[in-house]
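Visitor: Structure below; questions to follow.
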Amino acid sequence: MTEAPRAGTLHLRELTVARGNRVVVNAVSLEVPPGEVTALLGPNGAGKTTLIGVITSLVNKTAGEARVFGHDIDRELEAAKACIGIVPQELNFNMFESPFTICVNQAGFYGIPRPVARERAEKYLKQLQLWDKRGGISRGLSGGMKRRLMIARALMHEPRLLILDEPTAGVDIEIRRSMWDFLREINERGTTIILTTHYLEEAETLCRNIAIINGGRIVARDRMSTLLRQLHFETFVLNLRDSLAQAPTLAGYALRLVDDHTLEVEISKDENLNEIFARLSALGIEVVSMRNKVNRLEEIFMRLVEGRSGADGSRAEAAPPRTAAEPVAAAPAGSAR
Amino acid sequence: MSAVMQSTAPPVNLHVVRWIGFKTIVIREYGRIIRIWGQTIVPSVVTAVLYFAIFGSLIGRRVGSMGGFDYKQYIAPGLIMMSVITNSYGNVVASFFGAKFGKHVEELLVSPLPNWVIVGGYAAGGMLRGVLVGLAVTIVSLVFTHLHVQHPLIIVSALLLTSLTFALGGFLNALFAKNFDQVNWIPAFVLTPLTYFGGVFYSISLLPQWARTLSFANPILYMVNAFRFGFLGVSDVDVAIAFALMTAAAIVLYTAAVILMNRGVGIRE
């Protein structure tokens, strides 16, 4: 089960960012467990990048407190920043410099002596399959290579906390999976990782902890497994052998005919699929295959962010968003919040 | 996966971080100057050749002497200083604004380097280009005329203080600039007129009284004359006042740049 977070890593308390009358980040409190991978999810404009901007000092906060490995960003900003490596959402390296130069210079900005920086640049560029491209100008790299270069650059000072803001956006599946393997590897070596992503499969695959932000507020935060257990309803897509003219009526189940060979059914976690299959079979309807309509995390995410039903146990009514002050119900006491 | 074995701890000695960071900014600026030498070094050398050929050799022959010296000898320190001013300013404004525009300024902003080191690094980069171009123009000058060195320490001090002042000016320009027009506006409409009226090509003793009085409000007049004093031993202004003004300007501009950076002006949301 969830263990209490140790002092350090990242601690945010009532962090607020306002632009004029608009509150972009609204009293966010968050504790990131050390040595683990935490997903920060939210729709576009939810405040994820702004939140990361405050931690990395690219955005001025309006109120609240942020500590990185115990260093308060108001009082010990240099020490706090020395612990963080950041892979931003947008490409932000000099396109006219070579990957090798970019990495070596970045290490220098963190006080790494040049000979050590050269060794590390070689190590990380090789690990991220960019060594062959080390000398050319970075503008000539492909999209996936540019993303990997930003990861290599962020690792040059071997940070204790690595923050990745949509690191695999626009990257093909093969490279994305190799980046996941790499991130798992550096996490296993002890680096705490915070990841924002729109690929919920990525979050579900990589992260043990999750925080969902919407409208500048944290609406859920817990262990991934705990959160997924709260999913009371899942939608399954059933592919049928024979065509149907209309959806069959089964008492207690809502079935929807998507097309003449496809049925959708929403099932609560108290119900079981065998019963559905048996009753469909009794009606002479044969199911040849089945899949989840969306992955489980996506289902939770949509329910929380869009206020759809299900995450709180109801089937038809909107789920009220949970706030930082209102812990996730299923989470055990002392869980990572 | 949850085993916490912290990776390499960050360097704890922040003085070392700052020093290496400062050197890295300067090395990066030097790399930029050399990488695009056709834009950073060559234009000032070509301009100096043209000035010496046209103003020095062709027109200068009819001008005769200025301040008791051959006209080419008289304008040489001014031309060197003009190239130092333009390049120190131009290097920082282009490099820092380019970093803002390309967003790679964030590499520095997220790093543990304090703003006073970042400003210092960019200013040193601007000084480096100013001095490099100044040396190149000095070599061109030697092709056309003889340069007598009267006070070497004054030459070096004036050169460094002037390039520092204008490098910091370029930094402030880049900080406020929101587009490339605003990067070019000050060099074109402020620096160039001030330089031309700053005693590069003439002694202000030739001017009517009102123009001479007005010239004393031009900071470049002090820089050019202090530098010229180092070579020729003549000046239109009190050299001590010139150094006091240059030092004060450098301190004020540096302080302003750091304060603005700390407030996030032009760099943070």
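Each chain in the structure tokens gets a letter, A, B and so on, in the order shown; residues start at 1 in every chain, and ligands are counted from 1 in the order they appear.
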If we count only C-alpha atoms, what is near Phe180 (chain B) at a cut-off of 12 Å, once residues fewer than 2 positions away on the same chain are taken out, given as an mmCIF file with C-alpha atoms, in the first residue's frame?
Guide:
```
data_model
loop_
_atom_site.group_PDB
_atom_site.id
_atom_site.type_symbol
_atom_site.label_atom_id
_atom_site.label_comp_id
_atom_site.auth_asym_id
_atom_site.auth_seq_id
_atom_site.Cartn_x
_atom_site.Cartn_y
_atom_site.Cartn_z
ATOM 1 C CA VAL B 93 21.528 42.240 -27.923
ATOM 2 C CA ALA B 94 21.568 39.676 -30.742
ATOM 3 C CA SER B 95 22.675 36.732 -28.644
ATOM 4 C CA PHE B 96 20.381 37.300 -25.673
ATOM 5 C CA PHE B 97 17.371 38.275 -27.755
ATOM 6 C CA GLY B 98 18.061 35.266 -30.002
ATOM 7 C CA LYS B 100 14.766 34.604 -25.795
ATOM 8 C CA PHE B 101 13.276 34.208 -29.265
ATOM 9 C CA ASN B 173 17.843 46.292 -24.941
ATOM 10 C CA ALA B 174 17.454 42.521 -25.416
ATOM 11 C CA PHE B 176 12.934 44.704 -23.189
ATOM 12 C CA ALA B 177 12.831 43.820 -26.895
ATOM 13 C CA LYS B 178 9.756 41.924 -28.013
ATOM 14 C CA GLN B 182 13.153 46.618 -31.241
ATOM 15 C CA VAL B 183 16.577 44.970 -31.354
ATOM 16 C CA ASN B 184 17.652 47.196 -34.254
ATOM 17 C CA TRP B 185 15.962 50.392 -33.152
ATOM 18 C CA ILE B 186 18.492 51.586 -30.544
ATOM 19 C CA PRO B 187 21.646 50.781 -32.572
#
```
Visitor: Within 8 Å of chain B, which residues of chain A are there when counting only C-alpha atoms? Please give them as a count of residues only.
Guide: 37
Visitor: Compile the contact shell of region 162-177 of chain A as a ChimeraX atom specification: residues with an atom at most 8 Å away, counting only C-alpha atoms, same-chain residues fewer than 5 positions apart removed.
Guide: /A:49,52,84-89,143-144,147,154-155,191-198
Visitor: Output the selection as a compact mmCIF listing (two decimals), in the first residue's frame - N, CA and C atoms for each residue.
Guide:
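Here's the written file again-v3.txt:
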```
# COMPACT_ATOMS: atom_id res chain seq x y z
N THR A 49 1.76 22.86 -17.12
CA THR A 49 3.02 23.49 -17.51
C THR A 49 3.32 24.71 -16.63
N ILE A 52 4.77 23.42 -13.43
CA ILE A 52 6.17 23.05 -13.63
C ILE A 52 7.03 24.31 -13.76
N ILE A 84 17.08 19.72 -9.97
CA ILE A 84 16.04 19.45 -10.97
C ILE A 84 16.62 19.37 -12.38
N GLY A 85 16.12 18.41 -13.14
CA GLY A 85 16.37 18.38 -14.57
C GLY A 85 15.02 18.53 -15.24
N ILE A 86 14.97 19.34 -16.28
CA ILE A 86 13.66 19.61 -16.90
C ILE A 86 13.70 19.30 -18.39
N VAL A 87 12.70 18.57 -18.83
CA VAL A 87 12.51 18.33 -20.27
C VAL A 87 11.20 19.05 -20.62
N PRO A 88 11.30 20.24 -21.22
CA PRO A 88 10.09 21.02 -21.42
C PRO A 88 9.24 20.49 -22.59
N GLN A 89 8.05 21.03 -22.65
CA GLN A 89 7.12 20.62 -23.70
C GLN A 89 7.59 21.12 -25.07
N GLY A 143 12.13 14.96 -35.34
CA GLY A 143 11.35 15.34 -34.16
C GLY A 143 11.68 14.46 -32.95
N GLY A 144 11.75 13.15 -33.18
CA GLY A 144 12.04 12.23 -32.08
C GLY A 144 13.44 12.44 -31.53
N ARG A 147 13.51 15.46 -29.25
CA ARG A 147 12.95 15.13 -27.93
C ARG A 147 13.99 14.39 -27.10
N ALA A 154 18.83 17.24 -20.16
CA ALA A 154 18.32 17.35 -18.79
C ALA A 154 19.07 16.44 -17.82
N LEU A 155 19.69 15.38 -18.35
CA LEU A 155 20.37 14.42 -17.47
C LEU A 155 21.83 14.78 -17.22
N THR A 191 16.42 8.11 -9.70
CA THR A 191 15.92 9.45 -10.02
C THR A 191 14.40 9.49 -9.89
N THR A 192 13.92 10.46 -9.14
CA THR A 192 12.47 10.67 -9.03
C THR A 192 12.00 11.34 -10.32
N ILE A 193 10.87 10.89 -10.84
CA ILE A 193 10.40 11.44 -12.11
C ILE A 193 8.97 11.97 -11.96
N ILE A 194 8.77 13.15 -12.52
CA ILE A 194 7.40 13.68 -12.66
C ILE A 194 7.15 13.79 -14.16
N LEU A 195 6.01 13.27 -14.57
CA LEU A 195 5.74 13.18 -16.00
C LEU A 195 4.37 13.76 -16.30
N THR A 196 4.31 14.70 -17.23
CA THR A 196 2.99 15.09 -17.72
C THR A 196 2.86 14.49 -19.11
N THR A 197 1.70 14.04 -19.42
CA THR A 197 1.52 13.42 -20.72
C THR A 197 0.05 13.44 -21.11
N HIS A 198 -0.19 13.39 -22.40
CA HIS A 198 -1.56 13.22 -22.88
C HIS A 198 -1.82 11.76 -23.22
```
Visitor: Distance CA of Ser215 (chain B)-CA of Thr195 (chain B), one decimal place?
Guide: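 Those two atoms sit 10.9 Å apart.
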Visitor: So that I can check the surroundings of Leu164 (chain B), please list as a JSON list (two decimals) with C-alpha atoms, in the first residue's frame every protein, DNA and RNA residue that reaches within 8 Å of it, counting only C-alpha atoms and ignoring chain neighbours fewer than 5 positions away.
Guide:
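Result file out15.json:
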```json
[["chain", "number", "residue", "atom", "x", "y", "z"],
["B", 88, "SER", "CA", 29.89, 44.88, -27.74],
["B", 123, "ALA", "CA", 28.49, 41.10, -20.68],
["B", 124, "ALA", "CA", 31.84, 39.29, -20.76],
["B", 126, "GLY", "CA", 30.02, 41.13, -25.49],
["B", 127, "MET", "CA", 33.33, 42.51, -24.22],
["B", 250, "ALA", "CA", 28.76, 50.26, -16.04]]
```
Visitor: Write down as a PDB file with C-alpha atoms, in the first residue's frame the residues of region 86-249 of chain A whose backbone DSSP state falls under helix (DSSP H, G or I).
Guide:
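Writing done, so here's part.pdb:
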```pdb
ATOM      1  CA  PRO A  99      23.876  18.136 -29.713  1.00  0.00           C
ATOM      2  CA  PHE A 100      27.300  17.612 -28.138  1.00  0.00           C
ATOM      3  CA  THR A 101      27.821  21.335 -27.537  1.00  0.00           C
ATOM      4  CA  ILE A 102      24.304  21.741 -26.159  1.00  0.00           C
ATOM      5  CA  CYS A 103      24.866  18.946 -23.653  1.00  0.00           C
ATOM      6  CA  VAL A 104      28.335  20.079 -22.591  1.00  0.00           C
ATOM      7  CA  ASN A 105      27.186  23.686 -22.129  1.00  0.00           C
ATOM      8  CA  GLN A 106      24.147  22.620 -20.159  1.00  0.00           C
ATOM      9  CA  ALA A 107      26.390  20.688 -17.770  1.00  0.00           C
ATOM     10  CA  GLY A 108      28.516  23.820 -17.390  1.00  0.00           C
ATOM     11  CA  PHE A 109      25.472  25.831 -16.310  1.00  0.00           C
ATOM     12  CA  ARG A 114      34.156  20.488 -18.875  1.00  0.00           C
ATOM     13  CA  PRO A 115      36.099  17.175 -18.977  1.00  0.00           C
ATOM     14  CA  VAL A 116      33.351  15.480 -16.930  1.00  0.00           C
ATOM     15  CA  ALA A 117      30.706  17.159 -19.079  1.00  0.00           C
ATOM     16  CA  ARG A 118      32.276  15.735 -22.248  1.00  0.00           C
ATOM     17  CA  GLU A 119      32.250  12.214 -20.775  1.00  0.00           C
ATOM     18  CA  ARG A 120      28.624  12.539 -19.728  1.00  0.00           C
ATOM     19  CA  ALA A 121      27.598  13.988 -23.065  1.00  0.00           C
ATOM     20  CA  GLU A 122      29.089  10.924 -24.738  1.00  0.00           C
ATOM     21  CA  LYS A 123      27.365   8.607 -22.271  1.00  0.00           C
ATOM     22  CA  TYR A 124      23.882  10.100 -22.592  1.00  0.00           C
ATOM     23  CA  LEU A 125      24.025  10.798 -26.316  1.00  0.00           C
ATOM     24  CA  LYS A 126      25.012   7.148 -26.824  1.00  0.00           C
ATOM     25  CA  GLN A 127      22.252   5.912 -24.511  1.00  0.00           C
ATOM     26  CA  TRP A 131      25.966   9.855 -30.756  1.00  0.00           C
ATOM     27  CA  ASP A 132      26.134   9.621 -34.546  1.00  0.00           C
ATOM     28  CA  LYS A 133      24.470  13.033 -34.741  1.00  0.00           C
ATOM     29  CA  SER A 138      20.513  20.321 -34.071  1.00  0.00           C
ATOM     30  CA  ARG A 139      18.047  21.862 -36.479  1.00  0.00           C
ATOM     31  CA  GLY A 140      18.700  18.902 -38.763  1.00  0.00           C
ATOM     32  CA  GLY A 143      11.347  15.337 -34.158  1.00  0.00           C
ATOM     33  CA  GLY A 144      12.042  12.227 -32.082  1.00  0.00           C
ATOM     34  CA  MET A 145      15.761  12.974 -31.975  1.00  0.00           C
ATOM     35  CA  LYS A 146      15.099  16.511 -30.773  1.00  0.00           C
ATOM     36  CA  ARG A 147      12.948  15.131 -27.932  1.00  0.00           C
ATOM     37  CA  ARG A 148      15.696  12.669 -27.000  1.00  0.00           C
ATOM     38  CA  LEU A 149      18.277  15.445 -27.104  1.00  0.00           C
ATOM     39  CA  MET A 150      16.254  17.356 -24.537  1.00  0.00           C
ATOM     40  CA  ILE A 151      16.242  14.289 -22.286  1.00  0.00           C
ATOM     41  CA  ALA A 152      20.024  13.878 -22.680  1.00  0.00           C
ATOM     42  CA  ARG A 153      20.506  17.553 -21.908  1.00  0.00           C
ATOM     43  CA  ALA A 154      18.318  17.355 -18.786  1.00  0.00           C
ATOM     44  CA  LEU A 155      20.367  14.424 -17.473  1.00  0.00           C
ATOM     45  CA  ILE A 173       5.386   4.388 -31.140  1.00  0.00           C
ATOM     46  CA  GLU A 174       8.738   2.639 -31.442  1.00  0.00           C
ATOM     47  CA  ILE A 175      10.727   5.608 -30.163  1.00  0.00           C
ATOM     48  CA  ARG A 176       8.109   6.275 -27.494  1.00  0.00           C
ATOM     49  CA  ARG A 177       8.507   2.746 -26.155  1.00  0.00           C
ATOM     50  CA  SER A 178      12.298   2.995 -26.188  1.00  0.00           C
ATOM     51  CA  MET A 179      11.996   6.289 -24.284  1.00  0.00           C
ATOM     52  CA  TRP A 180       9.781   4.561 -21.716  1.00  0.00           C
ATOM     53  CA  ASP A 181      12.442   1.875 -21.245  1.00  0.00           C
ATOM     54  CA  PHE A 182      15.065   4.572 -20.790  1.00  0.00           C
ATOM     55  CA  LEU A 183      12.978   6.461 -18.255  1.00  0.00           C
ATOM     56  CA  ARG A 184      12.343   3.234 -16.316  1.00  0.00           C
ATOM     57  CA  GLU A 185      16.097   2.658 -16.295  1.00  0.00           C
ATOM     58  CA  ILE A 186      16.987   6.070 -14.889  1.00  0.00           C
ATOM     59  CA  ASN A 187      14.181   5.773 -12.351  1.00  0.00           C
ATOM     60  CA  GLU A 188      15.602   2.429 -11.244  1.00  0.00           C
ATOM     61  CA  LEU A 200      -2.718   7.902 -20.691  1.00  0.00           C
ATOM     62  CA  GLU A 201      -1.255   4.559 -21.645  1.00  0.00           C
ATOM     63  CA  GLU A 202       2.139   6.130 -20.992  1.00  0.00           C
ATOM     64  CA  ALA A 203       1.084   7.273 -17.539  1.00  0.00           C
ATOM     65  CA  GLU A 204      -0.466   3.895 -16.723  1.00  0.00           C
ATOM     66  CA  THR A 205       2.645   2.061 -17.922  1.00  0.00           C
ATOM     67  CA  LEU A 206       5.284   4.206 -16.241  1.00  0.00           C
ATOM     68  CA  MET A 224      -2.260   4.587  -9.748  1.00  0.00           C
ATOM     69  CA  SER A 225      -3.558   1.214  -8.547  1.00  0.00           C
ATOM     70  CA  THR A 226      -5.798   2.808  -5.910  1.00  0.00           C
ATOM     71  CA  LEU A 227      -7.222   5.235  -8.404  1.00  0.00           C
ATOM     72  CA  LEU A 228      -7.912   2.551 -10.974  1.00  0.00           C
ATOM     73  CA  ARG A 229      -9.713   0.474  -8.377  1.00  0.00           C
TER      74      ARG A 229
END
```
Visitor: Kindly give the distance, in Å, that separates CA of Phe171 (chain B) and CA of Asn262 (chain B), rounded to a single decimal.
Guide: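 These atoms are spaced 14.0 Å apart.
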Visitor: In region 8-136 of chain B, what's strand (DSSP E or B) per DSSP? Answer as a PDB file with C-alpha atoms, in the first residue's frame?
Guide:
```pdb
ATOM      1  CA  SER B  65      45.957  67.858 -39.321  1.00  0.00           C
ATOM      2  CA  MET B  66      43.480  67.549 -36.444  1.00  0.00           C
ATOM      3  CA  PHE B  69      48.084  65.017 -35.622  1.00  0.00           C
ATOM      4  CA  ASP B  70      47.748  63.596 -39.098  1.00  0.00           C
TER       5      ASP B  70
END
```
